[in-house]
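Undergrad: Below you'll find run.pdb; it's PDB, C-alpha atoms and all ligand atoms.
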ATOM      1  CA  MET A   1     -11.504  13.430  -3.896  1.00  0.00           C
ATOM      2  CA  GLU A   2      -9.053  12.285  -1.264  1.00  0.00           C
ATOM      3  CA  TYR A   3      -8.891  14.468   1.789  1.00  0.00           C
ATOM      4  CA  SER A   4      -5.568  14.299   3.514  1.00  0.00           C
ATOM      5  CA  PHE A   5      -3.050  17.028   4.102  1.00  0.00           C
ATOM      6  CA  ARG A   6      -0.452  15.100   2.083  1.00  0.00           C
ATOM      7  CA  ALA A   7      -2.671  15.287  -1.019  1.00  0.00           C
ATOM      8  CA  HIS A   8      -3.318  19.002  -0.516  1.00  0.00           C
ATOM      9  CA  ARG A   9      -0.158  20.225   1.166  1.00  0.00           C
ATOM     10  CA  ILE A  10       0.171  23.978   1.041  1.00  0.00           C
ATOM     11  CA  ALA A  11       3.496  24.997  -0.510  1.00  0.00           C
ATOM     12  CA  GLY A  12       6.198  26.488   1.649  1.00  0.00           C
ATOM     13  CA  GLY A  13       6.156  24.276   4.736  1.00  0.00           C
ATOM     14  CA  ILE A  14       9.273  22.472   5.941  1.00  0.00           C
ATOM     15  CA  GLY A  15       7.404  19.456   7.304  1.00  0.00           C
ATOM     16  CA  ALA A  16       8.161  19.955  10.986  1.00  0.00           C
ATOM     17  CA  ASP A  17       4.419  19.931  11.720  1.00  0.00           C
ATOM     18  CA  ASP A  18       3.512  16.920   9.542  1.00  0.00           C
ATOM     19  CA  ARG A  19       2.813  14.800  12.631  1.00  0.00           C
ATOM     20  CA  PHE A  20       0.363  17.443  13.882  1.00  0.00           C
ATOM     21  CA  TRP A  21      -1.726  17.173  10.701  1.00  0.00           C
ATOM     22  CA  GLU A  22      -1.458  13.369  10.613  1.00  0.00           C
ATOM     23  CA  SER A  23      -2.647  13.216  14.214  1.00  0.00           C
ATOM     24  CA  LEU A  24      -5.639  15.432  13.498  1.00  0.00           C
ATOM     25  CA  GLU A  25      -6.548  13.128  10.611  1.00  0.00           C
ATOM     26  CA  GLU A  26      -6.440  10.289  13.152  1.00  0.00           C
ATOM     27  CA  GLY A  27      -8.735  12.319  15.408  1.00  0.00           C
ATOM     28  CA  VAL A  28      -6.089  13.048  18.043  1.00  0.00           C
ATOM     29  CA  PHE A  29      -4.781  16.463  19.094  1.00  0.00           C
ATOM     30  CA  ARG A  30      -1.021  16.048  19.634  1.00  0.00           C
ATOM     31  CA  LEU A  31       1.731  18.570  20.180  1.00  0.00           C
ATOM     32  CA  PRO A  32       5.495  18.005  20.096  1.00  0.00           C
ATOM     33  CA  ARG A  33       7.626  17.856  23.191  1.00  0.00           C
ATOM     34  CA  CYS A  34      11.393  17.623  23.430  1.00  0.00           C
ATOM     35  CA  ALA A  35      12.548  14.119  24.394  1.00  0.00           C
ATOM     36  CA  GLY A  36      15.668  15.602  25.985  1.00  0.00           C
ATOM     37  CA  CYS A  37      14.258  18.269  28.309  1.00  0.00           C
ATOM     38  CA  ASP A  38      10.432  17.916  28.066  1.00  0.00           C
ATOM     39  CA  ARG A  39       9.993  21.453  26.702  1.00  0.00           C
ATOM     40  CA  TRP A  40       6.906  21.852  24.516  1.00  0.00           C
ATOM     41  CA  MET A  41       7.974  22.696  20.972  1.00  0.00           C
ATOM     42  CA  TRP A  42       5.112  24.584  19.357  1.00  0.00           C
ATOM     43  CA  PRO A  43       5.088  25.933  16.670  1.00  0.00           C
ATOM     44  CA  ALA A  44       6.749  22.728  15.526  1.00  0.00           C
ATOM     45  CA  HIS A  45      10.425  22.771  14.673  1.00  0.00           C
ATOM     46  CA  PHE A  46      13.030  20.071  14.301  1.00  0.00           C
ATOM     47  CA  ARG A  47      15.468  20.994  17.046  1.00  0.00           C
ATOM     48  CA  CYS A  48      14.833  22.007  20.640  1.00  0.00           C
ATOM     49  CA  GLY A  49      15.746  25.629  21.328  1.00  0.00           C
ATOM     50  CA  GLY A  50      16.378  24.741  24.973  1.00  0.00           C
ATOM     51  CA  CYS A  51      18.731  21.752  24.946  1.00  0.00           C
ATOM     52  CA  GLY A  52      19.524  21.247  21.272  1.00  0.00           C
ATOM     53  CA  SER A  53      18.023  17.755  21.034  1.00  0.00           C
ATOM     54  CA  TRP A  54      16.712  16.567  17.669  1.00  0.00           C
ATOM     55  CA  GLU A  55      14.430  14.020  19.356  1.00  0.00           C
ATOM     56  CA  GLN A  56      10.828  14.741  20.145  1.00  0.00           C
ATOM     57  CA  ARG A  57       7.646  13.021  21.248  1.00  0.00           C
ATOM     58  CA  TRP A  58       4.185  13.879  19.956  1.00  0.00           C
ATOM     59  CA  GLU A  59       1.931  13.765  23.002  1.00  0.00           C
ATOM     60  CA  PRO A  60      -1.860  13.701  23.021  1.00  0.00           C
ATOM     61  CA  VAL A  61      -3.197  16.830  24.682  1.00  0.00           C
ATOM     62  CA  GLU A  62      -6.756  17.602  25.683  1.00  0.00           C
ATOM     63  CA  PRO A  63      -7.721  20.610  23.534  1.00  0.00           C
ATOM     64  CA  VAL A  64      -8.713  22.872  26.398  1.00  0.00           C
ATOM     65  CA  GLY A  65      -7.438  26.381  26.936  1.00  0.00           C
ATOM     66  CA  SER A  66      -8.318  30.023  26.768  1.00  0.00           C
ATOM     67  CA  VAL A  67      -8.332  32.864  24.258  1.00  0.00           C
ATOM     68  CA  TYR A  68      -4.869  34.412  23.986  1.00  0.00           C
ATOM     69  CA  SER A  69      -5.956  36.578  21.051  1.00  0.00           C
ATOM     70  CA  TRP A  70      -8.731  36.702  18.482  1.00  0.00           C
ATOM     71  CA  THR A  71      -9.846  38.514  15.342  1.00  0.00           C
ATOM     72  CA  ARG A  72     -13.007  38.680  13.255  1.00  0.00           C
ATOM     73  CA  SER A  73     -12.664  38.374   9.482  1.00  0.00           C
ATOM     74  CA  TRP A  74     -15.102  40.531   7.541  1.00  0.00           C
ATOM     75  CA  TYR A  75     -13.481  40.000   4.149  1.00  0.00           C
ATOM     76  CA  VAL A  76     -13.204  37.047   1.770  1.00  0.00           C
ATOM     77  CA  PHE A  77      -9.472  36.765   1.190  1.00  0.00           C
ATOM     78  CA  ASP A  78      -8.268  34.984  -1.960  1.00  0.00           C
ATOM     79  CA  ARG A  79      -6.564  32.209   0.024  1.00  0.00           C
ATOM     80  CA  THR A  80      -9.628  31.573   2.171  1.00  0.00           C
ATOM     81  CA  ALA A  81     -12.292  31.856  -0.537  1.00  0.00           C
ATOM     82  CA  GLU A  82     -13.701  28.487   0.622  1.00  0.00           C
ATOM     83  CA  ARG A  83     -14.962  30.297   3.723  1.00  0.00           C
ATOM     84  CA  ALA A  84     -16.897  33.002   1.850  1.00  0.00           C
ATOM     85  CA  GLU A  85     -20.245  31.779   3.157  1.00  0.00           C
ATOM     86  CA  ASP A  86     -18.959  31.967   6.757  1.00  0.00           C
ATOM     87  CA  VAL A  87     -17.953  35.655   6.695  1.00  0.00           C
ATOM     88  CA  PRO A  88     -17.842  37.194   9.217  1.00  0.00           C
ATOM     89  CA  TYR A  89     -16.076  34.549  11.296  1.00  0.00           C
ATOM     90  CA  VAL A  90     -13.742  34.598  14.279  1.00  0.00           C
ATOM     91  CA  VAL A  91     -10.263  33.070  14.472  1.00  0.00           C
ATOM     92  CA  VAL A  92      -8.718  32.542  17.890  1.00  0.00           C
ATOM     93  CA  VAL A  93      -5.252  31.855  19.211  1.00  0.00           C
ATOM     94  CA  ALA A  94      -5.907  29.302  21.939  1.00  0.00           C
ATOM     95  CA  GLU A  95      -3.405  29.097  24.778  1.00  0.00           C
ATOM     96  CA  ILE A  96      -3.171  25.577  26.205  1.00  0.00           C
ATOM     97  CA  PRO A  97      -1.875  25.329  29.790  1.00  0.00           C
ATOM     98  CA  ALA A  98      -1.533  21.514  29.601  1.00  0.00           C
ATOM     99  CA  ALA A  99       1.036  22.019  26.830  1.00  0.00           C
ATOM    100  CA  GLY A 100       3.169  24.610  28.569  1.00  0.00           C
ATOM    101  CA  GLY A 101       1.105  27.498  27.214  1.00  0.00           C
ATOM    102  CA  ALA A 102       1.448  26.443  23.568  1.00  0.00           C
ATOM    103  CA  ARG A 103      -0.737  28.633  21.342  1.00  0.00           C
ATOM    104  CA  VAL A 104      -2.746  26.985  18.587  1.00  0.00           C
ATOM    105  CA  VAL A 105      -4.742  28.895  15.979  1.00  0.00           C
ATOM    106  CA  GLY A 106      -8.184  27.847  14.821  1.00  0.00           C
ATOM    107  CA  VAL A 107     -11.595  29.036  13.712  1.00  0.00           C
ATOM    108  CA  LEU A 108     -14.136  29.664  16.461  1.00  0.00           C
ATOM    109  CA  ASP A 109     -17.293  27.613  16.005  1.00  0.00           C
ATOM    110  CA  GLY A 110     -20.704  28.513  17.264  1.00  0.00           C
ATOM    111  CA  PRO A 111     -21.775  31.804  18.750  1.00  0.00           C
ATOM    112  CA  ASP A 112     -18.948  34.291  19.239  1.00  0.00           C
ATOM    113  CA  GLU A 113     -20.852  36.451  21.682  1.00  0.00           C
ATOM    114  CA  GLY A 114     -18.617  36.880  24.695  1.00  0.00           C
ATOM    115  CA  VAL A 115     -15.331  36.177  22.914  1.00  0.00           C
ATOM    116  CA  ARG A 116     -12.579  38.010  24.766  1.00  0.00           C
ATOM    117  CA  VAL A 117      -9.002  37.480  25.844  1.00  0.00           C
ATOM    118  CA  GLY A 118      -8.993  34.885  28.614  1.00  0.00           C
ATOM    119  CA  ALA A 119     -12.326  33.271  27.718  1.00  0.00           C
ATOM    120  CA  PRO A 120     -12.237  29.484  28.188  1.00  0.00           C
ATOM    121  CA  LEU A 121     -12.159  27.353  25.046  1.00  0.00           C
ATOM    122  CA  ARG A 122     -12.651  23.741  24.141  1.00  0.00           C
ATOM    123  CA  GLY A 123     -11.477  22.301  20.843  1.00  0.00           C
ATOM    124  CA  ARG A 124     -12.736  19.529  18.615  1.00  0.00           C
ATOM    125  CA  ILE A 125     -11.316  18.087  15.439  1.00  0.00           C
ATOM    126  CA  ASP A 126     -13.024  18.513  12.091  1.00  0.00           C
ATOM    127  CA  ALA A 127     -12.335  15.949   9.376  1.00  0.00           C
ATOM    128  CA  PRO A 128     -10.524  17.199   6.271  1.00  0.00           C
ATOM    129  CA  SER A 129     -12.792  18.965   3.799  1.00  0.00           C
ATOM    130  CA  ALA A 130     -12.691  21.267   0.806  1.00  0.00           C
ATOM    131  CA  LYS A 131     -13.424  24.165   3.151  1.00  0.00           C
ATOM    132  CA  SER A 132     -10.261  23.400   5.116  1.00  0.00           C
ATOM    133  CA  LYS A 133      -8.180  22.865   1.945  1.00  0.00           C
ATOM    134  CA  GLY A 134      -7.987  19.126   2.630  1.00  0.00           C
ATOM    135  CA  TYR A 135      -6.578  19.511   6.128  1.00  0.00           C
ATOM    136  CA  ALA A 136      -8.155  18.187   9.303  1.00  0.00           C
ATOM    137  CA  ALA A 137      -8.545  21.150  11.631  1.00  0.00           C
ATOM    138  CA  VAL A 138      -9.032  22.117  15.242  1.00  0.00           C
ATOM    139  CA  ARG A 139     -12.203  24.111  15.824  1.00  0.00           C
ATOM    140  CA  TRP A 140     -12.566  26.035  19.057  1.00  0.00           C
ATOM    141  CA  SER A 141     -15.745  26.849  20.918  1.00  0.00           C
ATOM    142  CA  LEU A 142     -16.337  29.116  23.877  1.00  0.00           C
ATOM    143  CA  ALA A 143     -16.629  26.813  26.848  1.00  0.00           C
ATOM    144  CA  GLY A 144     -18.479  29.094  29.236  1.00  0.00           C
ATOM    145  CA  GLU A 145     -17.199  29.934  32.677  1.00  0.00           C
TER     146      GLU A 145
HETATM  147 ZN    ZN A 201      15.053  20.093  24.809  1.00  0.00          ZN
END
Spell out the structure here as structure tokens.

TA:
Amino acid sequence: MEYSFRAHRIAGGIGADDRFWESLEEGVFRLPRCAGCDRWMWPAHFRCGGCGSWEQRWEPVEPVGSVYSWTRSWYVFDRTAERAEDVPYVVVVAEIPAAGGARVVGVLDGPDEGVRVGAPLRGRIDAPSAKSKGYAAVRWSLAGE
């Protein structure tokens, strides 16, 4: 089975974030930035809301940030049935200062004791797998303080 987001694309996307998924498959965490005014453009979209430019650069960013928000899933939802063995698990919204405060969602790996808003996080990239529906994914871990 080939694991790439293009082979397993989830219906409904408009493709503005394709480069994000391609970059993760390459092992690089990149986020889009407007080529006209340098504004970070995440979630990805095609046109800058600040200056109107259609041009953007995808810049490598160190996946380091802090917990903006988090939740613990106690239920096996139909669309995440691949994660049944992981329940309960924590999903975080990581805020990344190096990318203008962009917020990137991902599963929290490792112990979740001490998870709280503001806790420091470090991300790593997991290769595409059946569990991630064929997408490479950012996994966050509590980084300690
Ligand atoms: Zn702009």

Undergrad: For segment 59-72 of chain A, work out the shell of residues within 10 Å, counting only C-alpha atoms and skipping chain neighbours fewer than 6 positions away, then give it as an NGL selection string.

TA: :A and (20 or 23 or 28-33 or 40 or 87-99 or 101-108 or 112 or 115-125 or 138-143)

Undergrad: Which neighbours of segment 16-19 of chain A fall inside 6 Å, counting all atoms listed in the file, when residues of the same chain fewer than 2 positions from it are skipped, and could you give them as a ChimeraX atom specification?

TA: /A:14,21-23,44-46

Undergrad: What would the file look like if the residues just selected were written as an mmCIF file, keeping the file's coordinate frame with C-alpha atoms?

TA:
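The resulting file, out07.cif, is reproduced below:
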data_model
loop_
_atom_site.group_PDB
_atom_site.id
_atom_site.type_symbol
_atom_site.label_atom_id
_atom_site.label_comp_id
_atom_site.auth_asym_id
_atom_site.auth_seq_id
_atom_site.Cartn_x
_atom_site.Cartn_y
_atom_site.Cartn_z
ATOM 1 C CA ILE A 14 9.273 22.472 5.941
ATOM 2 C CA TRP A 21 -1.726 17.173 10.701
ATOM 3 C CA GLU A 22 -1.458 13.369 10.613
ATOM 4 C CA SER A 23 -2.647 13.216 14.214
ATOM 5 C CA ALA A 44 6.749 22.728 15.526
ATOM 6 C CA HIS A 45 10.425 22.771 14.673
ATOM 7 C CA PHE A 46 13.030 20.071 14.301
#

Undergrad: Taking only C-alpha atoms and all ligand atoms into account, which residues have an atom no farther than 9 Å from ligand ZN 201 (chain A)? I'd like them as a ChimeraX atom specification.

TA: /A:33-41,47-56

Undergrad: Using all atoms of segment 64-83 of chain A listed in the file and a margin of 4 Å per side, can you give the axis-aligned box centre and edge lengths in Å to one decimal, as lines of an AutoDock Vina configuration file?

TA:
center_x = -10.0
center_y = 31.7
center_z = 12.5
size_x = 18.2
size_y = 25.7
size_z = 36.9

Undergrad: What is the distance, in Å and to one decimal place, between atom CA of Ala137 of chain A and atom CA of Leu24 of chain A?

TA: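 Interatomic distance here is 6.7 Å.
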
Undergrad: With all atoms listed in the file as the atoms that count, which of A:Glu113, A:Ala11, A:Tyr3, A:Trp58 lies nearest to Ser129 of chain A?

TA: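 Of the candidates, the smallest distance to Ser129 of chain A is held by A:Tyr3.
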
Undergrad: Using only C-alpha atoms, give me every residue within 7 Å of (-6.5, 21.5, -1.1) in file coordinates, as a PyMOL selection string.

TA: chain A and resi 8-9+130+133-134

Undergrad: Provide the atom CA of Thr80 of chain A to atom CA of Gly110 of chain A distance in Å, to one decimal place.

TA: 19.0 Å

Undergrad: Select, from A:Gly27, A:Pro111, A:Arg57, A:Arg6, the residue with the minimum atom-to-atom distance to Trp42 of chain A, counting all atoms listed in the file.

TA: A:Arg57

Undergrad: Nearest residue to Pro43 of chain A out of A:Gly15, A:Glu82, A:Ser4, A:Ala127, using all atoms listed in the file?

TA: A:Gly15

Undergrad: Could you tell me how far atom CA of Gly100 of chain A sits from atom CA of Tyr135 of chain A, in Å to one decimal place?

TA: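 About the pair atom CA of Tyr135 of chain A and atom CA of Gly100 of chain A: they are 25.0 Å apart.
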
Undergrad: Which residue gives the smallest distance to Gly114 of chain A among A:Trp74, A:Arg83, A:Gly144, A:Gly12, with all atoms listed in the file counted?

TA: A:Gly144
